[in-house]
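Asks: Okay, handing you the structure first.
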6 protein chains.
Amino acid sequence: MNDGSGFSVKDPLLTPRFAGHISFFRLPVTEDPAGVDIAVCGVPFDGGVGNRNGARLGPRQIRELSVNAVKPYHPISNSSPFQRCRFADLGDAPVNPIDLGHSLELIEGFYRRIHAAGALPLTAGGDHLVPLPILRVIARDRPVGLVHLDAHADTFDHFFDARFRYNHGTTFRRAAEEGLIDPKRTIQIGIRGPRFGPDDLGFSLRSGMRVVTIEEFFELGLARVIDEIARVAGDGPTYVSIDVDALDAVYVPGTGAPEIGGFGPREAIAMIRGLAGLELVGADVVEVSPPLDSGGGTARIAAVLMFELAEVMADTRLARRVPGR
Amino acid sequence: MNDGSGFSVKDPLLTPRFAGHISFFRLPVTEDPAGVDIAVCGVPFDGGVGNRNGARLGPRQIRELSVNAVKPYHPISNSSPFQRCRFADLGDAPVNPIDLGHSLELIEGFYRRIHAAGALPLTAGGDHLVPLPILRVIARDRPVGLVHLDAHADTFDHFFDARFRYNHGTTFRRAAEEGLIDPKRTIQIGIRGPRFGPDDLGFSLRSGMRVVTIEEFFELGLARVIDEIARVAGDGPTYVSIDVDALDAVYVPGTGAPEIGGFGPREAIAMIRGLAGLELVGADVVEVSPPLDSGGGTARIAAVLMFELAEVMADTRLARRVPGR
Amino acid sequence: MNDGSGFSVKDPLLTPRFAGHISFFRLPVTEDPAGVDIAVCGVPFDGGVGNRNGARLGPRQIRELSVNAVKPYHPISNSSPFQRCRFADLGDAPVNPIDLGHSLELIEGFYRRIHAAGALPLTAGGDHLVPLPILRVIARDRPVGLVHLDAHADTFDHFFDARFRYNHGTTFRRAAEEGLIDPKRTIQIGIRGPRFGPDDLGFSLRSGMRVVTIEEFFELGLARVIDEIARVAGDGPTYVSIDVDALDAVYVPGTGAPEIGGFGPREAIAMIRGLAGLELVGADVVEVSPPLDSGGGTARIAAVLMFELAEVMADTRLARRVPGR
Amino acid sequence: MNDGSGFSVKDPLLTPRFAGHISFFRLPVTEDPAGVDIAVCGVPFDGGVGNRNGARLGPRQIRELSVNAVKPYHPISNSSPFQRCRFADLGDAPVNPIDLGHSLELIEGFYRRIHAAGALPLTAGGDHLVPLPILRVIARDRPVGLVHLDAHADTFDHFFDARFRYNHGTTFRRAAEEGLIDPKRTIQIGIRGPRFGPDDLGFSLRSGMRVVTIEEFFELGLARVIDEIARVAGDGPTYVSIDVDALDAVYVPGTGAPEIGGFGPREAIAMIRGLAGLELVGADVVEVSPPLDSGGGTARIAAVLMFELAEVMADTRLARRVPGR
Amino acid sequence: MNDGSGFSVKDPLLTPRFAGHISFFRLPVTEDPAGVDIAVCGVPFDGGVGNRNGARLGPRQIRELSVNAVKPYHPISNSSPFQRCRFADLGDAPVNPIDLGHSLELIEGFYRRIHAAGALPLTAGGDHLVPLPILRVIARDRPVGLVHLDAHADTFDHFFDARFRYNHGTTFRRAAEEGLIDPKRTIQIGIRGPRFGPDDLGFSLRSGMRVVTIEEFFELGLARVIDEIARVAGDGPTYVSIDVDALDAVYVPGTGAPEIGGFGPREAIAMIRGLAGLELVGADVVEVSPPLDSGGGTARIAAVLMFELAEVMADTRLARRVPGR
Amino acid sequence: MNDGSGFSVKDPLLTPRFAGHISFFRLPVTEDPAGVDIAVCGVPFDGGVGNRNGARLGPRQIRELSVNAVKPYHPISNSSPFQRCRFADLGDAPVNPIDLGHSLELIEGFYRRIHAAGALPLTAGGDHLVPLPILRVIARDRPVGLVHLDAHADTFDHFFDARFRYNHGTTFRRAAEEGLIDPKRTIQIGIRGPRFGPDDLGFSLRSGMRVVTIEEFFELGLARVIDEIARVAGDGPTYVSIDVDALDAVYVPGTGAPEIGGFGPREAIAMIRGLAGLELVGADVVEVSPPLDSGGGTARIAAVLMFELAEVMADTRLARRVPGR
């Protein structure tokens, strides 16, 4: 399980999965992104949550489940992404739990170093504001496409009054306004549930995002949704952002705003596998709140989705890795 | 979010959903049904439960989740039933937790005032005996049709000996015998699981009720089940009664008699939306037992199903509202 | 509910299901297998678990749920297997919780008495090593077919080093090597999730077992999977072994190695019902770990699956019961 | 561990405590009280509960914990009460969960058989109405003394209106009125917490009961409270009734009306041990509600208190056992 | 239970405690503080928490428990504070969950109206930053004394860097610096546990606060601690602030930073009762985090402590109520 | 917080305690014991448990709580043991979860390296068999004294039959027989609860160990128990072994065999602090079973007890550190 480069994972058949130190997927831990292809990291921040919080504890819990619930080989390729590519656990971004603005700066700084080293980030949140500082780093030069699984569109303008424009419900409006994502190459999947008002989806629709409500999801069927993702994202760099509340509430009790009536992990996995061929530049799984997650089932799902993202990102990375690195 | 009549809900984008007093859907609280179109209320009674109890704590928990989990706009109509109609939270029916017969009287009295004022009741139980005193009020003049989602038919004659004829497993036999429901216009959906004996469904079948077992449900498929509901209920006043154990046990751990192998919230929501066009005279969601519901997932589902019922009842009510009111 | 032979169950309409002593399905308790058709028993052993344990507490919890959650009549036959056949609760096999080898001997001795009396065993585990000593008894004379529902193939050679060949991940390799199961008549259904390495399924495939991964399961669809089970098992004696982690993790939080993305209880029930016609010689449901099972949902599913196995085993047993017994 | 009379318990060093069938303390199970000195039994009834219910599930949970948490030898006598006396598990009294009056009759009938056989009852509740039908049997001939540990005096006249005189808050007023207990020989210990009104303790005080509030308990200290129990109960037959909510809420989350600020299990055990020398005619531990008891800690305490009661009752019984039995 | 002024609570012997709408102690709900003696209210804010959050959900949970766990009469006075004084539930202060500074302004505004009406505030938090805006209102004119029960002194200067001076660990340093509390009349009780560094208590000690560590608490004994509280607070207006983590962690699992080895609810209650005679101008109970509180035990304790505070504040208020009001 | 030698801990005021990688007390992680004074490590093994297991998951959970619940400075010395001495997290001993004998070898090998490097081990279990292989390393040359806090004496000869001599209930009998501990310098504190038979304490008493039952503990009082510990252990090397079930069950739900009626964390901390002056050569805290520990309270206590042990071991180590190291 060692590719000779120092990027290896411990063999769970020799060291039981309940023993030893914890890192994402038992990857080597480093603070130095040099030579890393894919940087797995956490952002323990939930200051953007308007309702039930606790997602600041997410990265720790997902790490734990990534060790307990995930083995290194993928069942379809029957090979390990951690052998095909150089993965490492870069730790958690610094945050200031009592200040949102300061946290955005700290997070952006953390990802700047990763990006400068040429590594692609794979992130465990934290709340859904987390992608904004990441996109400010990796999409600084040109807007990226976005594949967004979520029960909510997160394109509000503000909560409370117009001074409060940064929170987990406004991320992708800000991202579009700042030119970080291209609405025409953005697809939002799984949107459902009661709304605050008649314009909850207004910005998404007016800006040209493709919104697949849960009703349309089940009408189209999984295969056609996967085709639609590929069609919308098209060529060009694409970011993937998965709010675990995209899944039906029964699978993800451990999140701030669960919504019933969604799809399940099988559909989520299939959609991630369907990303093969896209040019992925980063991905995240967010909004896991351990205090609300009796039994750890939500973090388990997040850990497996991150593994599936690792598998597909490994291929993207390999296809584009500069020869000689 | 205010229709000018005093029937408004608080804006969750201004007041966080975890703050403020609790009422169903944040509706205004009143003890006076005058001018109310749809009266949302609770019946904290579980004296009819032969197995695991706790449903007396249901109304309080469903109220809580209706505030935390439900926003005011419906995703299909993109409008709010609470604006289209005058909804209010009428509080809980009085009950006597140590006497079943007294409780039936108290509950009936509570609904008589609501009915007299012309409001349609939307009820959170409580156990499944709760619909009986409600039907004694709203179906006093003529039998109504019944759309009944449940894992169990609830048409037993008695438990123990023949003296004990009123409990949560005999409700719809009593209702049929008392001429409150029309068996020919009654459909029971989701029936499944091991039985006490060979005649568990006997009364339902002999009296002419349409019984859709879970096996038939999956054979027919959702669309044809929805058609069948409309066909059986037909024209004429119809009551809707949803035992949360109609859903698969994984979605509703917080109920006294969960049964595995049922449908999910998506199917339940679809069936409720399919009621549009019927003449609904009342509805309930029952058998949520919070002490058995780690995480609150069962109450969340009940709250959303009540919201979906509110949406479809609003249309019924509008279509039939006497001009001038 | 009494067939006149002393093999009866208590009527849950007279004695509430939360009262009285506990036995599997409220069956009579005996230590003497004489005259018993189907012996329901437990094996409270989890010494073969390499990861999260606790399954030693499974039989007790499944017994509890079999009383609370299961009634005696089957919804399809509308008759009770406990009337058609003589069932009894034979108690738990003796085990030595601190010694794996000693436990295998003790368990084998326990089943030898049951087998000698002509009873078919229906077992609640314990971990997935439990079937090995059972098969050593009932398949001593000739290999049996195997219907195996599981997320994992359990055909590893060893964990740690080659001295440690007996654990819950090597059971069916040992069983094949010892000539207890016929790989050509073995079907493994629901296999999925990340793997330890590229050869996790190697023994299964090379020895000729039919492996239906979860991806193939959903491609084929339930009906064709059921056909495939019948085709592979064919004629001849067949054993059924169900690891509850075959089901999606959301249904079975209370197991040591839950895997997301599996099928649900509906599919499991349908596959068991599809076994009608096979010559069943025994069955088990294993890997229920109550300390990991908040709410008891996992044990509930195990209890119902055991009831469905009881129904189909009753028919097998009746078809082959020696006249005069 | 066998006294040669068939009244033995299984050796937990040979059979693990998590295996085997469940009975109180692993005692032999019988429906026939003949020859039994002390009859351990359950009353799965909670129809008298005015607030949070679930105590109907108590006997089952206490049995389970009595097997898991209690071994057969007492640490002070270093002998086993189960060897000194003939104990048996007589099962659960029949109840009608939907009718309070019928349940009182059924329970009384159950205890009449036990009393007629000369056995002393040791009971697991159920709610605190349960002692009333027991006292109607064992105190029919003359009032008994009462040692009553509880946070609440349970001497109300009625809840709701004067028709509803039988519930878990009126038991000892009814018992006094019916001449079943002698108020002068009654001591209530641990009374505390906010009250419904100024007369909550009125009946207790006026009738001459000795009320030791929690404030007095801590002022007197444990040793003097134990003296006071002996002084009040004096000579003559005495019944012991322990509501688990007598203990501080932190120890007993699993009860309907926990009160903070009480004593702990150490004090409860010491008071029971202090009963040695009294003429005990029966005892109960009530108000354990498993659905409210995450972790089972409340049932564990109840099981140990029942064991301590068994130890002290064994001595009473031996001292008075008719020679030749 | 009605003093004729409209300030009454519902009788829990008529309406079960699990039914009806929820307010603190079932007090009347109003937004208008006119005529109110003591204003019970909540502050659902936890933006000042540097570690595990969730206290924003505290007011709702404490309200719920105040209804379920607290009756209206006090066991020592045998009278109801709610009859002696005019109490009302003023609802929750507005907050902005994503902005700390804005929240401080909103909270201060809310209390300004209460203070202007002459009512004393009794508050359920929220985190321990909550007292700061309250003190800015009620101690604006002169510093008040402070009785502070807590495991932590909360007198840090800042977390992270010097820009971040407002959080739940700096409250009482800010309060002292702003002249809101008089350090010489401040007593901090229950301080314990590992420290961040050698100067954790530096500001408290240097400014003259009386710090009673848990070690000193147990050395002195409860009675002398109560004397010490009275001595330090002396005459003059005094505020009481109780962080539930003052209690031993076993009693308060539902808080962000539980510390083992503290006192229990009995001691907390005794200290509150010992405040009689002081001139209380307000009080709070903070840091209840429901997502961390399995079973609701922490909120129950908070509710009872608030009731005990209500009792003692009622006397303060009566003693000083302007004649004629 | 850095002593210049690379042995530092992260500042929790800069990096929130919920962020970053996990090690015991945030100590540096290393596999090389060279230069380490005190080696903190885990043994994730529970194969010696005869009843409810899960303690194999203990080290991971205690690490987690040591980060969340423990800060680096001690409240009495007001200095940090981690500055005074060189501490490191050496990781977990290798174990074979399916073989007890193999595990004992693996664990012994792990500690041999630590001992050879001159470091004192501070261990998180695992079950109570874990001290045996540790003592085989550190007491190889001469028997050590033992301070043993536990509800059970753990000096049985065997469970089942005489072949099975190694499990968590025989550890200290084996240790005495192997000459690893000196019974005359051994004190066992907190022993209580029902017993398997009359000889449960036989070996302890006959071999000369000082047994302080819980009854004697409370009679003597804390101060005299602490004196007794010092008297018995005397001069000479001493090992400390703490089974968390020494504490009252209410504090430690997360352990296999909780016993009610014990002392609390305050007493445990005081006894550890009372060890100052002894020559400590190692210590452990064992039997934390996370699957049984809802809320994490048991692991929190274990983490704090380990911190208190670290404080007192640091002084021992400093007093005896060879000059020049």
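Chain identifiers are assigned as A, B, and so on, following the order in which chains appear in the structure tokens; residues are numbered from 1 within each chain, and ligands are numbered from 1 in order of appearance.
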Based on only C-alpha atoms, which of the residues in chain A come within 7 Å of chain C? I want them as an MDAnalysis selection string.
Replies: chainID A and resid 13:14 16:18 69:75 78:79 251 265:266 295 301
Asks: With C-alpha atoms retained, export the selected residues as a PDB file, in the first residue's frame.
Replies:
```pdb
ATOM      1  CA  LEU A  13      -5.640  -5.858   8.319  1.00  0.00           C
ATOM      2  CA  LEU A  14      -2.550  -5.478  10.508  1.00  0.00           C
ATOM      3  CA  PRO A  16      -7.124  -2.634  13.615  1.00  0.00           C
ATOM      4  CA  ARG A  17      -9.138   0.284  12.386  1.00  0.00           C
ATOM      5  CA  PHE A  18      -9.997   1.301  15.941  1.00  0.00           C
ATOM      6  CA  ALA A  69     -15.554   3.123   7.900  1.00  0.00           C
ATOM      7  CA  VAL A  70     -13.366   3.464   4.837  1.00  0.00           C
ATOM      8  CA  LYS A  71     -10.802   1.038   3.482  1.00  0.00           C
ATOM      9  CA  PRO A  72      -8.250   2.100   0.858  1.00  0.00           C
ATOM     10  CA  TYR A  73      -9.368   0.257  -2.302  1.00  0.00           C
ATOM     11  CA  HIS A  74     -12.235   1.385  -4.476  1.00  0.00           C
ATOM     12  CA  PRO A  75     -14.733  -1.334  -5.387  1.00  0.00           C
ATOM     13  CA  ASN A  78     -10.341  -2.290  -7.557  1.00  0.00           C
ATOM     14  CA  SER A  79      -7.342  -0.049  -6.947  1.00  0.00           C
ATOM     15  CA  TYR A 251     -29.562   9.392   6.356  1.00  0.00           C
ATOM     16  CA  PRO A 265     -26.330   7.544  -0.518  1.00  0.00           C
ATOM     17  CA  ARG A 266     -26.606   5.210  -3.491  1.00  0.00           C
ATOM     18  CA  GLY A 295     -24.658   7.129  16.123  1.00  0.00           C
ATOM     19  CA  ILE A 301     -21.743   9.029   4.839  1.00  0.00           C
TER      20      ILE A 301
END
```
Asks: When you look at region 169-181 of chain F with a cut-off of 7 Å (counting only C-alpha atoms), what residues show up, excluding the ones that are within fewer than 3 positions of it in the same chain? I need them as a PyMOL selection string.
Replies: chain F and resi 129+132+135-136+139-140+142-146+154-158+165-166
Asks: Mind the document's chain letters and residue numbers, and return as number ranges by chain the residues of region 1-196 of chain C that DSSP labels helix (DSSP H, G or I).
Replies: C: 24-26, 55-69, 81-84, 100-116, 131-138, 171-177
Asks: Please measure the separation of CA of Arg163 (chain B) and CA of Ala116 (chain D), giving the value in Å to one decimal.
Replies: 29.0 Å
Asks: Could you pull the residues within 9 Å of Ala302 (chain D), counting only C-alpha atoms, minus those fewer than 3 positions along the same chain, as a list in words?
Replies: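 Near neighbours after the sequence-gap exclusion: Ile62, Leu65, Ser66, Ala124, Val244, Val285, Val286, Val288, Gly297, Thr298, Ala299, Leu305, Met306 and Phe307 of chain D.
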Asks: Find the spatial neighbours of region 269-274 of chain E, counting only C-alpha atoms, within a cut-off of 9 Å - ignore same-chain residues fewer than 5 positions away - and output them as a ChimeraX atom specification.
Replies: /D:261 /E:222-223,225-227,229-230,264,304-305,308-309,311-312
Asks: Could you save those same residues with N, CA, C and O atoms as an mmCIF file, in the first residue's frame?
Replies:
```cif
data_model
loop_
_atom_site.group_PDB
_atom_site.id
_atom_site.type_symbol
_atom_site.label_atom_id
_atom_site.label_comp_id
_atom_site.auth_asym_id
_atom_site.auth_seq_id
_atom_site.Cartn_x
_atom_site.Cartn_y
_atom_site.Cartn_z
ATOM 1 N N GLY D 261 -31.657 17.273 43.365
ATOM 2 C CA GLY D 261 -31.363 17.590 44.760
ATOM 3 C C GLY D 261 -31.619 16.472 45.757
ATOM 4 O O GLY D 261 -31.647 16.735 46.966
ATOM 5 N N LEU E 222 -20.457 23.947 52.882
ATOM 6 C CA LEU E 222 -21.528 24.718 52.266
ATOM 7 C C LEU E 222 -21.943 25.929 53.110
ATOM 8 O O LEU E 222 -22.108 27.042 52.598
ATOM 9 N N ALA E 223 -22.094 25.715 54.396
ATOM 10 C CA ALA E 223 -22.622 26.798 55.251
ATOM 11 C C ALA E 223 -21.692 28.009 55.247
ATOM 12 O O ALA E 223 -22.141 29.160 55.134
ATOM 13 N N VAL E 225 -19.531 28.777 52.935
ATOM 14 C CA VAL E 225 -19.535 29.412 51.612
ATOM 15 C C VAL E 225 -20.713 30.371 51.503
ATOM 16 O O VAL E 225 -20.584 31.484 50.978
ATOM 17 N N ILE E 226 -21.856 29.939 52.011
ATOM 18 C CA ILE E 226 -23.041 30.804 51.948
ATOM 19 C C ILE E 226 -22.796 32.091 52.739
ATOM 20 O O ILE E 226 -23.147 33.191 52.280
ATOM 21 N N ASP E 227 -22.177 31.958 53.900
ATOM 22 C CA ASP E 227 -21.829 33.159 54.662
ATOM 23 C C ASP E 227 -20.901 34.074 53.852
ATOM 24 O O ASP E 227 -21.049 35.298 53.850
ATOM 25 N N ILE E 229 -20.632 34.365 50.657
ATOM 26 C CA ILE E 229 -21.364 35.058 49.598
ATOM 27 C C ILE E 229 -21.995 36.334 50.148
ATOM 28 O O ILE E 229 -21.861 37.415 49.572
ATOM 29 N N ALA E 230 -22.671 36.188 51.286
ATOM 30 C CA ALA E 230 -23.346 37.345 51.871
ATOM 31 C C ALA E 230 -22.334 38.425 52.273
ATOM 32 O O ALA E 230 -22.562 39.624 52.072
ATOM 33 N N GLY E 264 -22.992 19.747 43.449
ATOM 34 C CA GLY E 264 -24.205 19.245 42.811
ATOM 35 C C GLY E 264 -25.353 20.226 42.914
ATOM 36 O O GLY E 264 -25.201 21.347 43.423
ATOM 37 N N VAL E 304 -34.943 24.426 37.254
ATOM 38 C CA VAL E 304 -35.174 24.483 38.708
ATOM 39 C C VAL E 304 -34.361 25.610 39.335
ATOM 40 O O VAL E 304 -34.850 26.327 40.213
ATOM 41 N N LEU E 305 -33.137 25.804 38.872
ATOM 42 C CA LEU E 305 -32.353 26.909 39.420
ATOM 43 C C LEU E 305 -33.033 28.246 39.115
ATOM 44 O O LEU E 305 -33.037 29.159 39.953
ATOM 45 N N GLU E 308 -35.746 28.636 41.637
ATOM 46 C CA GLU E 308 -35.216 29.050 42.935
ATOM 47 C C GLU E 308 -34.807 30.525 42.905
ATOM 48 O O GLU E 308 -35.008 31.256 43.879
ATOM 49 N N LEU E 309 -34.265 30.962 41.787
ATOM 50 C CA LEU E 309 -33.949 32.379 41.637
ATOM 51 C C LEU E 309 -35.229 33.218 41.653
ATOM 52 O O LEU E 309 -35.274 34.314 42.244
ATOM 53 N N GLU E 311 -37.954 32.574 43.225
ATOM 54 C CA GLU E 311 -38.432 32.646 44.616
ATOM 55 C C GLU E 311 -37.702 33.737 45.391
ATOM 56 O O GLU E 311 -38.317 34.554 46.062
ATOM 57 N N VAL E 312 -36.384 33.750 45.261
ATOM 58 C CA VAL E 312 -35.632 34.712 46.062
ATOM 59 C C VAL E 312 -35.726 36.123 45.470
ATOM 60 O O VAL E 312 -35.748 37.120 46.199
#
```
